[in-house]
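A.B. asks: My file is input_32.cif. It has mmCIF, C-alpha atoms:
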```cif
data_upload
loop_
_atom_site.label_atom_id
_atom_site.label_comp_id
_atom_site.auth_asym_id
_atom_site.auth_seq_id
_atom_site.Cartn_x
_atom_site.Cartn_y
_atom_site.Cartn_z
CA MET J 533 88.69 124.73 128.44
CA ILE J 534 85.00 125.33 127.96
CA ALA J 535 84.82 122.66 125.27
CA ALA J 536 86.66 120.18 127.49
CA GLY J 537 84.26 120.90 130.37
CA LEU J 538 81.21 120.41 128.17
CA ALA J 539 82.62 117.11 126.93
CA ALA J 540 83.27 115.88 130.48
CA PHE J 541 79.77 116.92 131.55
CA GLY J 542 78.28 114.99 128.63
CA VAL J 543 80.21 111.84 129.52
CA ILE J 544 79.16 112.01 133.18
CA SER J 545 75.50 112.61 132.21
CA ARG J 546 75.51 109.64 129.87
CA ARG J 547 77.08 107.43 132.56
CA LEU J 548 74.49 108.46 135.14
CA GLU J 549 71.71 107.84 132.63
CA HIS J 550 73.21 104.43 131.87
CA ASP J 551 73.35 103.56 135.58
CA ARG J 552 69.73 104.63 136.08
CA LEU J 553 68.69 102.55 133.10
CA ALA J 554 70.57 99.52 134.43
CA GLN J 555 68.95 99.89 137.84
CA TRP J 556 65.51 100.23 136.26
CA THR J 557 66.11 97.19 134.07
CA GLU J 558 67.26 95.11 137.04
CA ALA J 559 64.23 96.18 139.07
CA GLN J 560 61.95 95.23 136.20
CA ALA J 561 63.65 91.80 135.94
CA THR J 562 63.10 91.00 139.63
CA PRO J 563 59.63 89.44 139.96
CA SER J 564 57.12 90.76 142.48
CA VAL J 565 55.20 88.19 144.52
CA GLU J 566 52.02 88.28 146.56
CA LEU J 567 51.96 86.86 150.08
CA ALA J 568 49.40 84.34 151.26
CA THR J 569 47.28 84.79 154.38
CA LEU J 570 48.26 82.19 156.99
CA LYS J 571 46.14 81.36 160.02
CA LEU J 572 47.02 79.65 163.25
CA GLY J 573 44.90 76.83 164.69
CA SER J 574 42.54 74.29 163.17
CA ALA J 575 39.56 75.55 161.22
CA ASP J 576 37.05 74.03 163.61
CA ASP J 577 36.71 71.25 166.15
CA GLY J 578 35.09 68.81 163.74
CA LEU J 579 36.20 66.29 161.16
CA THR J 580 33.85 65.44 158.30
CA LEU J 581 34.56 62.36 156.20
CA PRO J 582 32.59 60.29 153.68
CA GLY J 583 31.03 57.12 155.05
CA GLU J 584 29.22 54.05 153.73
CA ILE J 585 26.10 52.69 155.43
CA LYS J 586 25.57 48.94 155.61
CA ALA J 587 22.98 46.71 157.24
CA LEU J 588 23.68 45.20 160.65
CA ASN J 589 23.31 41.73 159.07
CA GLU J 590 23.03 40.81 155.41
CA ALA J 591 22.39 37.41 153.85
CA GLN J 592 22.10 36.08 150.32
CA ILE J 593 19.60 33.23 150.49
CA ARG J 594 20.22 30.16 148.34
CA ALA J 595 18.55 26.76 148.04
CA ARG J 596 20.07 23.80 149.91
CA VAL J 597 18.25 21.16 147.81
CA ASN J 598 17.83 20.70 144.08
CA GLY J 599 14.35 21.35 142.75
CA TYR J 600 11.93 23.79 141.20
CA VAL J 601 10.47 26.85 142.90
CA LYS J 602 6.89 25.89 143.74
CA GLU J 603 5.93 29.27 145.21
CA TRP J 604 7.47 32.38 146.75
CA LYS J 605 5.74 34.27 149.51
CA TYR J 606 7.51 37.64 149.86
CA ASP J 607 8.65 40.30 147.43
CA ILE J 608 11.11 43.20 147.83
CA GLY J 609 10.42 45.53 150.72
CA ALA J 610 8.57 42.89 152.74
CA ARG J 611 9.32 42.71 156.46
CA VAL J 612 9.86 39.13 157.60
CA LYS J 613 10.47 37.45 160.95
CA ALA J 614 13.20 34.97 161.76
CA GLY J 615 12.22 31.47 160.61
CA GLU J 616 9.41 32.68 158.38
CA THR J 617 8.99 30.78 155.08
CA LEU J 618 10.11 32.76 152.06
CA ALA J 619 9.64 30.15 149.33
CA VAL J 620 8.76 26.49 148.81
CA ILE J 621 10.76 24.15 146.57
CA ASP J 622 9.33 21.10 144.82
CA ALA J 623 12.00 18.35 144.99
CA PRO J 624 10.53 15.09 143.57
CA GLU J 625 13.89 13.31 143.44
CA LEU J 626 14.47 14.04 147.11
CA ASP J 627 10.98 12.79 147.95
CA GLN J 628 11.74 9.52 146.13
CA GLN J 629 15.06 9.14 147.95
CA TYR J 630 13.29 9.70 151.24
CA GLN J 631 10.71 6.97 150.53
CA GLU J 632 13.49 4.57 149.51
CA ALA J 633 15.36 5.34 152.73
CA LYS J 634 12.25 4.61 154.77
CA GLY J 635 11.94 1.19 153.04
CA GLN J 636 15.63 0.47 153.63
CA LEU J 637 15.21 1.22 157.32
CA GLU J 638 12.18 -1.03 157.63
CA LYS J 639 14.07 -3.81 155.83
CA ALA J 640 17.13 -3.41 158.06
CA GLU J 641 14.98 -3.45 161.20
CA ALA J 642 13.26 -6.68 160.06
CA HIS J 643 16.60 -8.39 159.38
CA ALA J 644 17.96 -7.19 162.69
CA GLN J 645 14.95 -8.52 164.57
CA LEU J 646 15.33 -11.95 162.94
CA ALA J 647 19.06 -11.98 163.69
CA ARG J 648 18.44 -11.18 167.38
CA LEU J 649 15.85 -14.00 167.68
CA THR J 650 18.20 -16.45 165.97
CA SER J 651 21.03 -15.46 168.28
CA LYS J 652 18.85 -16.04 171.34
CA ARG J 653 17.77 -19.52 170.09
CA TRP J 654 21.33 -20.61 169.41
CA ALA J 655 22.40 -19.37 172.80
CA ALA J 656 19.67 -21.56 174.38
CA LEU J 657 20.78 -24.60 172.34
CA ARG J 658 24.37 -24.14 173.53
CA ALA J 659 23.27 -25.09 177.04
CA SER J 660 22.33 -28.59 175.75
CA THR J 661 25.56 -28.89 173.76
CA VAL J 662 23.63 -29.28 170.50
CA VAL J 663 25.60 -26.44 168.86
CA SER J 664 29.13 -25.27 169.29
CA GLN J 665 30.20 -22.09 171.02
CA GLN J 666 31.64 -20.91 167.72
CA SER J 667 28.22 -21.08 166.08
CA VAL J 668 26.65 -19.17 168.95
CA ASP J 669 29.26 -16.41 168.64
CA GLU J 670 28.70 -16.19 164.90
CA LYS J 671 24.94 -15.75 165.32
CA SER J 672 25.53 -13.11 168.00
CA GLY J 673 27.91 -11.24 165.65
CA GLU J 674 25.37 -11.38 162.84
CA ALA J 675 22.75 -9.84 165.14
CA ASN J 676 25.12 -7.00 166.06
CA ALA J 677 25.93 -6.39 162.38
CA LYS J 678 22.23 -6.18 161.55
CA ASP J 679 21.75 -3.66 164.37
CA ALA J 680 24.56 -1.59 162.87
CA GLU J 681 22.84 -1.69 159.46
CA VAL J 682 19.70 -0.39 161.16
CA ALA J 683 21.71 2.53 162.58
CA VAL J 684 23.12 3.32 159.13
CA ALA J 685 19.70 3.19 157.50
CA ARG J 686 18.20 5.40 160.21
CA GLY J 687 21.03 7.92 159.82
CA ASN J 688 20.44 8.08 156.05
CA LEU J 689 16.72 8.59 156.61
CA ASN J 690 17.39 11.38 159.13
CA ARG J 691 19.76 13.06 156.64
CA LEU J 692 17.15 13.01 153.91
CA GLN J 693 14.51 14.21 156.35
CA ALA J 694 16.75 17.16 157.25
CA LEU J 695 17.19 17.92 153.53
CA LYS J 696 13.42 17.78 153.05
CA SER J 697 13.09 20.51 155.66
CA PHE J 698 15.15 22.74 153.34
CA THR J 699 12.41 22.59 150.71
CA GLU J 700 10.96 25.43 152.76
CA VAL J 701 13.36 28.36 152.45
CA THR J 702 13.20 30.42 155.67
CA ALA J 703 14.54 33.76 156.84
CA PRO J 704 17.69 33.43 159.00
CA PHE J 705 16.82 36.59 160.95
CA ALA J 706 14.21 39.31 161.10
CA GLY J 707 14.68 41.92 158.42
CA VAL J 708 13.55 43.27 155.09
CA VAL J 709 13.69 41.54 151.70
CA THR J 710 15.95 43.74 149.59
CA ALA J 711 15.97 41.53 146.49
CA ARG J 712 13.97 38.67 144.96
CA ARG J 713 15.78 36.91 142.13
CA ILE J 714 13.50 33.93 141.42
CA ASP J 715 10.08 33.12 140.05
CA VAL J 716 7.86 30.04 140.01
CA GLY J 717 9.39 27.17 138.05
CA VAL J 718 13.03 28.26 138.33
CA LEU J 719 15.46 25.39 138.84
CA VAL J 720 17.51 25.99 142.00
CA GLY J 721 19.81 24.13 144.36
CA PRO J 722 23.52 23.31 144.82
CA ALA J 723 23.70 22.02 141.24
CA HIS J 724 22.10 25.25 140.02
CA PRO J 725 23.53 28.06 142.26
CA VAL J 726 20.79 30.63 141.82
CA GLU J 727 20.42 33.30 144.51
CA LEU J 728 16.82 33.40 145.77
CA PHE J 729 16.56 36.43 148.07
CA ASP J 730 18.66 39.11 149.75
CA ILE J 731 17.66 39.95 153.32
CA ALA J 732 18.99 42.80 155.46
CA ASP J 733 18.55 43.50 159.15
CA ILE J 734 18.18 47.30 159.24
CA HIS J 735 16.91 47.98 162.75
CA GLN J 736 20.52 49.06 163.33
CA LEU J 737 23.07 50.02 160.70
CA ARG J 738 26.84 49.92 160.47
CA VAL J 739 28.69 52.94 159.12
CA TYR J 740 32.24 52.56 157.77
CA VAL J 741 34.61 55.53 157.54
CA ARG J 742 38.28 55.78 156.62
CA VAL J 743 40.16 58.25 158.82
CA PRO J 744 43.53 59.70 157.70
CA GLN J 745 46.54 58.32 159.52
CA SER J 746 47.43 61.70 161.06
CA LEU J 747 44.03 61.88 162.79
CA ALA J 748 43.68 58.19 163.68
CA PRO J 749 44.86 58.60 167.33
CA GLN J 750 41.96 61.00 167.99
CA ILE J 751 39.29 58.41 167.13
CA ARG J 752 38.29 56.43 170.20
CA GLN J 753 35.72 53.73 170.86
CA GLY J 754 32.50 55.21 172.20
CA MET J 755 33.02 58.56 170.44
CA LYS J 756 29.84 60.04 168.99
CA ALA J 757 29.40 61.29 165.44
CA ALA J 758 26.65 62.93 163.39
CA LEU J 759 25.49 61.54 160.05
CA SER J 760 24.24 63.77 157.24
CA LEU J 761 22.59 62.34 154.12
CA PRO J 762 21.79 64.18 150.88
CA GLN J 763 18.16 62.99 150.92
CA TYR J 764 17.61 64.57 154.36
CA PRO J 765 18.99 68.14 154.14
CA GLY J 766 19.27 69.82 157.52
CA ARG J 767 18.74 66.56 159.42
CA THR J 768 21.37 64.58 161.29
CA PHE J 769 21.45 61.09 162.80
CA GLU J 770 23.53 60.09 165.80
CA ALA J 771 26.09 57.29 165.57
CA LYS J 772 28.71 55.88 167.91
CA VAL J 773 32.15 54.40 167.23
CA THR J 774 32.05 50.68 168.09
CA ALA J 775 35.35 49.44 166.66
CA THR J 776 38.37 50.26 164.54
CA SER J 777 40.57 47.99 162.46
CA ASP J 778 43.60 48.86 164.63
CA ALA J 779 45.65 48.91 161.44
CA ILE J 780 46.52 51.50 158.81
CA GLU J 781 45.56 50.45 155.29
CA ALA J 782 48.75 50.45 153.23
CA ASN J 783 47.35 51.92 150.01
CA SER J 784 45.30 54.79 151.42
CA ARG J 785 47.13 55.30 154.77
CA THR J 786 43.79 55.39 156.56
CA LEU J 787 42.21 53.72 159.58
CA LEU J 788 38.93 51.86 159.01
CA VAL J 789 36.39 52.93 161.65
CA GLN J 790 33.04 51.24 162.31
CA LEU J 791 30.10 53.11 163.82
CA LEU J 792 26.65 51.91 164.82
CA THR J 793 23.41 53.87 164.51
CA ASN J 794 19.84 53.01 165.44
CA ASN J 795 17.31 52.94 162.62
CA ASP J 796 14.00 52.47 164.41
CA SER J 797 12.28 54.85 162.00
CA GLY J 798 13.63 53.03 158.96
CA ALA J 799 14.74 56.33 157.41
CA LEU J 800 18.29 55.13 156.78
CA LEU J 801 18.86 52.69 153.94
CA PRO J 802 21.81 50.30 153.58
CA GLY J 803 24.13 51.20 150.75
CA SER J 804 23.64 54.94 151.27
CA PHE J 805 26.42 57.53 151.23
CA ALA J 806 26.71 59.68 154.35
CA GLU J 807 28.90 62.48 155.62
CA VAL J 808 30.19 61.56 159.08
CA ARG J 809 31.21 64.41 161.36
CA PHE J 810 33.38 63.68 164.39
CA GLU J 811 33.74 66.28 167.14
CA LEU J 812 37.48 66.58 167.78
CA PRO J 813 39.44 68.78 170.18
CA LYS J 814 40.61 71.98 168.53
CA ARG J 815 44.33 71.93 167.73
CA ALA J 816 46.42 75.07 168.21
CA ASN J 817 49.68 73.80 166.69
CA VAL J 818 48.59 73.71 163.06
CA VAL J 819 48.86 76.38 160.38
CA ARG J 820 46.19 76.88 157.74
CA ILE J 821 47.52 77.72 154.29
CA PRO J 822 45.44 78.65 151.24
CA ALA J 823 45.41 75.95 148.58
CA THR J 824 46.50 78.62 146.09
CA ALA J 825 49.91 78.78 147.81
CA LEU J 826 50.76 75.11 147.26
CA LEU J 827 53.32 73.83 144.76
CA PHE J 828 53.84 70.25 143.60
CA ARG J 829 57.58 69.77 143.13
CA ASP J 830 59.72 66.63 143.23
CA ASN J 831 56.60 64.53 143.96
CA GLN J 832 55.97 66.51 147.14
CA ILE J 833 53.70 69.31 148.29
CA GLN J 834 55.76 72.45 148.96
CA VAL J 835 55.44 76.19 149.44
CA ALA J 836 57.72 79.04 148.40
CA VAL J 837 58.85 81.20 151.35
CA VAL J 838 60.49 84.62 151.07
CA ASP J 839 63.42 84.80 153.51
CA ALA J 840 64.94 87.88 155.17
CA ASP J 841 67.17 88.51 152.12
CA GLN J 842 64.13 88.63 149.83
CA ARG J 843 65.04 85.33 148.25
CA ILE J 844 62.94 82.23 147.59
CA ALA J 845 63.27 79.11 149.74
CA PHE J 846 61.13 76.04 149.20
CA ARG J 847 59.67 74.18 152.19
CA LYS J 848 58.21 70.68 152.30
CA LEU J 849 54.90 70.39 154.14
CA THR J 850 53.30 67.82 156.41
CA ILE J 851 49.58 68.13 155.66
CA ASP J 852 47.13 67.01 158.32
CA ARG J 853 43.87 67.86 156.61
CA ASP J 854 42.68 69.05 153.22
CA LEU J 855 39.79 71.49 153.68
CA GLY J 856 39.39 72.25 150.00
CA SER J 857 40.24 75.96 149.86
CA GLU J 858 42.77 75.52 152.69
CA VAL J 859 45.06 72.85 154.07
CA GLU J 860 46.07 72.33 157.68
CA VAL J 861 49.83 71.84 158.08
CA SER J 862 51.55 70.46 161.16
CA ALA J 863 55.15 70.93 159.97
CA GLY J 864 57.05 72.86 157.33
CA VAL J 865 56.06 76.48 157.95
CA HIS J 866 55.29 78.85 160.79
CA VAL J 867 52.43 81.32 160.82
CA SER J 868 54.90 84.22 160.70
CA ASP J 869 56.60 82.97 157.51
CA ARG J 870 56.08 84.93 154.30
CA VAL J 871 54.57 82.35 151.97
CA VAL J 872 54.09 83.21 148.31
CA ASN J 873 50.52 83.08 147.05
CA PHE J 874 49.93 81.89 143.46
CA PRO J 875 53.62 80.90 143.06
CA SER J 876 54.93 80.67 139.51
CA GLU J 877 56.33 77.38 138.27
CA THR J 878 59.39 79.30 137.10
CA LEU J 879 60.47 80.32 140.61
CA GLN J 880 63.88 78.96 141.56
CA GLU J 881 65.55 78.27 144.89
CA GLY J 882 67.47 81.38 145.98
CA GLU J 883 65.87 83.64 143.37
CA ALA J 884 65.50 87.29 144.39
CA VAL J 885 61.96 88.63 144.50
CA ILE J 886 60.12 91.76 145.57
CA ALA J 887 57.74 91.08 148.47
CA PRO J 888 56.20 93.04 151.38
CA PRO J 889 58.84 93.46 154.11
CA GLN J 890 56.74 91.90 156.87
CA ALA J 891 53.58 89.95 157.48
CA SER J 892 50.33 91.87 157.59
CA ALA J 893 48.15 91.73 160.67
CA ASP J 894 45.49 89.51 159.09
CA ARG J 895 48.12 86.87 158.33
CA LEU J 896 48.69 86.38 162.03
CA ALA J 897 45.10 85.45 162.77
CA GLY J 898 44.99 83.46 165.95
CA GLN J 899 48.09 85.14 167.43
CA PRO J 900 47.93 87.88 170.12
CA ARG J 901 47.92 91.38 168.58
CA ARG J 902 50.81 93.64 169.49
CA GLU J 903 50.68 97.32 170.20
CA GLY J 904 53.75 99.50 170.68
CA GLY J 905 55.99 96.46 170.38
CA LYS J 906 54.35 94.72 173.38
CA GLU J 907 51.64 92.10 173.69
#
```
I'd like the structure from this file rewritten - as structure tokens, please.

C.D. replies:
Amino acid sequence: MIAAGLAAFGVISRRLEHDRLAQWTEAQATPSVELATLKLGSADDGLTLPGEIKALNEAQIRARVNGYVKEWKYDIGARVKAGETLAVIDAPELDQQYQEAKGQLEKAEAHAQLARLTSKRWAALRASTVVSQQSVDEKSGEANAKDAEVAVARGNLNRLQALKSFTEVTAPFAGVVTARRIDVGVLVGPAHPVELFDIADIHQLRVYVRVPQSLAPQIRQGMKAALSLPQYPGRTFEAKVTATSDAIEANSRTLLVQLLTNNDSGALLPGSFAEVRFELPKRANVVRIPATALLFRDNQIQVAVVDADQRIAFRKLTIDRDLGSEVEVSAGVHVSDRVVNFPSETLQEGEAVIAPPQASADRLAGQPRREGGKE
């Protein structure tokens, strides 16, 4: 009896030990996860986006007539007025054509004058029946044809005279010379498409920004923005929204926004990069999630959420804004959800995990604190 009892005790002890070992092994196999800190509400009431500064007006100046650069009067950085001469072109062929056109006009006027006198004489002779009416009409027609030749010759002369005026290259508007691409003796003109100067009107500047589609409805005409440039740390410049493209660009899903800023001091330069900050109403219906909690699965941004049964469920997110270390989400999770921080790529849907049983107080930032079960 004693031997049988000892044997039964040994069997039961081994079974209990086996059960404890199985439980320990299962506990060790279940992964533990860390929960991310979620916050309610947008990070701030501003939106900062990269912008590109351009001149109010820009022009690439080219020569209208063929010839050689005789002289140029302004170099880069020069301030010029509208209509001011930038360069002079020597066009000997055009000068010759102009002189020929003047001679052609004088010749046509002489022939026309003779034809008018002849027509008058024949008309007088018709009264004495010396000539026929047919001859009188012919002489009158010849006079009209010669007058038409005069008009053609005068039009050709005026055309060449207008071209001669283009031998002086002038500024189309007041601005600054941003580039000079010629020197004396360079062959220019329509047959030799060489760019002479670049001129920019910088008393005001345009700023172009691309706003994400989700935030496009918040950008309105007349809205003010602040410009920050790397060469002016701590200094901002005021700009105002003047227009939008009223269309979402298909590739980037963004709205092109145009702003205007005054540049009386000349501190801003076209072509510069700027950070454009819009003041937007603070949104309370967004959740901020650390970037470390994001997963890229099935070509979508997702998070792993621990449900009430301590199992993993993946949620797709609708991201409004990427803040770098955080993202603002308008759909997919609630601030009270238990979102896994630093999720492993090996996590599977429905997998059991070990996680804190409830959200900590700092994860509910932005929500009213509760004491004793009441708000």

A.B. asks: Carefully work through the PyMOL selection byres ((chain J and resi 836) around 12) for this structure and note down the residues it includes, as a PyMOL selection string.

C.D. replies: chain J and resi 565-568+821+824-829+833-835+837-839+842-849+864-865+869-883+885

A.B. asks: Can you list, as JSON, numbers by chain, every protein, DNA or RNA residue that comes within 6 Å of Gln790 (chain J) when you count only C-alpha atoms, leaving out same-chain residues fewer than 4 positions away?

C.D. replies: {"J": [739, 740, 773, 774, 775, 776]}

A.B. asks: Take the residues that were just selected and, keeping C-alpha atoms, output them as a short mmCIF file (atom, residue, chain, number, x, y, z; two decimals), keeping the file's coordinate frame.

C.D. replies:
```cif
data_model
loop_
_atom_site.label_atom_id
_atom_site.label_comp_id
_atom_site.auth_asym_id
_atom_site.auth_seq_id
_atom_site.Cartn_x
_atom_site.Cartn_y
_atom_site.Cartn_z
CA VAL J 739 28.69 52.94 159.12
CA TYR J 740 32.24 52.56 157.77
CA VAL J 773 32.15 54.40 167.23
CA THR J 774 32.05 50.68 168.09
CA ALA J 775 35.35 49.44 166.66
CA THR J 776 38.37 50.26 164.54
#
```

A.B. asks: As a PyMOL selection string, please: the residues near Ala732 (chain J) (cut-off 7 Å, only C-alpha atoms, same-chain neighbours under 4 positions excluded).

C.D. replies: chain J and resi 587+589-591+707-710

A.B. asks: Under the rule that all atoms listed in the file are counted, which of J:Ala619, J:Val668, J:Leu855, J:Ile585 is the nearest residue to Ala655 (chain J)?

C.D. replies: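 Nearest candidate to Ala655 (chain J) out of J:Ala619, J:Val668, J:Leu855, J:Ile585: J:Val668.
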
A.B. asks: Hey, can you check how far CA of Glu584 (chain J) sits from CA of Ile734 (chain J)?

C.D. replies: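 Atom-to-atom, CA of Glu584 (chain J) to CA of Ile734 (chain J), that is 14.1 Å.
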
A.B. asks: What's the 9 Å shell around Ala683 (chain J), counting only C-alpha atoms, without same-chain residues fewer than 4 positions away, as a list of chain:residue names?

C.D. replies: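 So the residues in contact are J:Leu637, J:Ala640, J:Lys678, J:Asp679, J:Gly687, J:Asn688.
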
A.B. asks: Give me, please, the distance in Å between CA of Ala887 (chain J) and CA of Pro563 (chain J), quoted to one decimal.

C.D. replies: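 Calculated distance between CA of Ala887 (chain J) and CA of Pro563 (chain J) is 8.9 Å.
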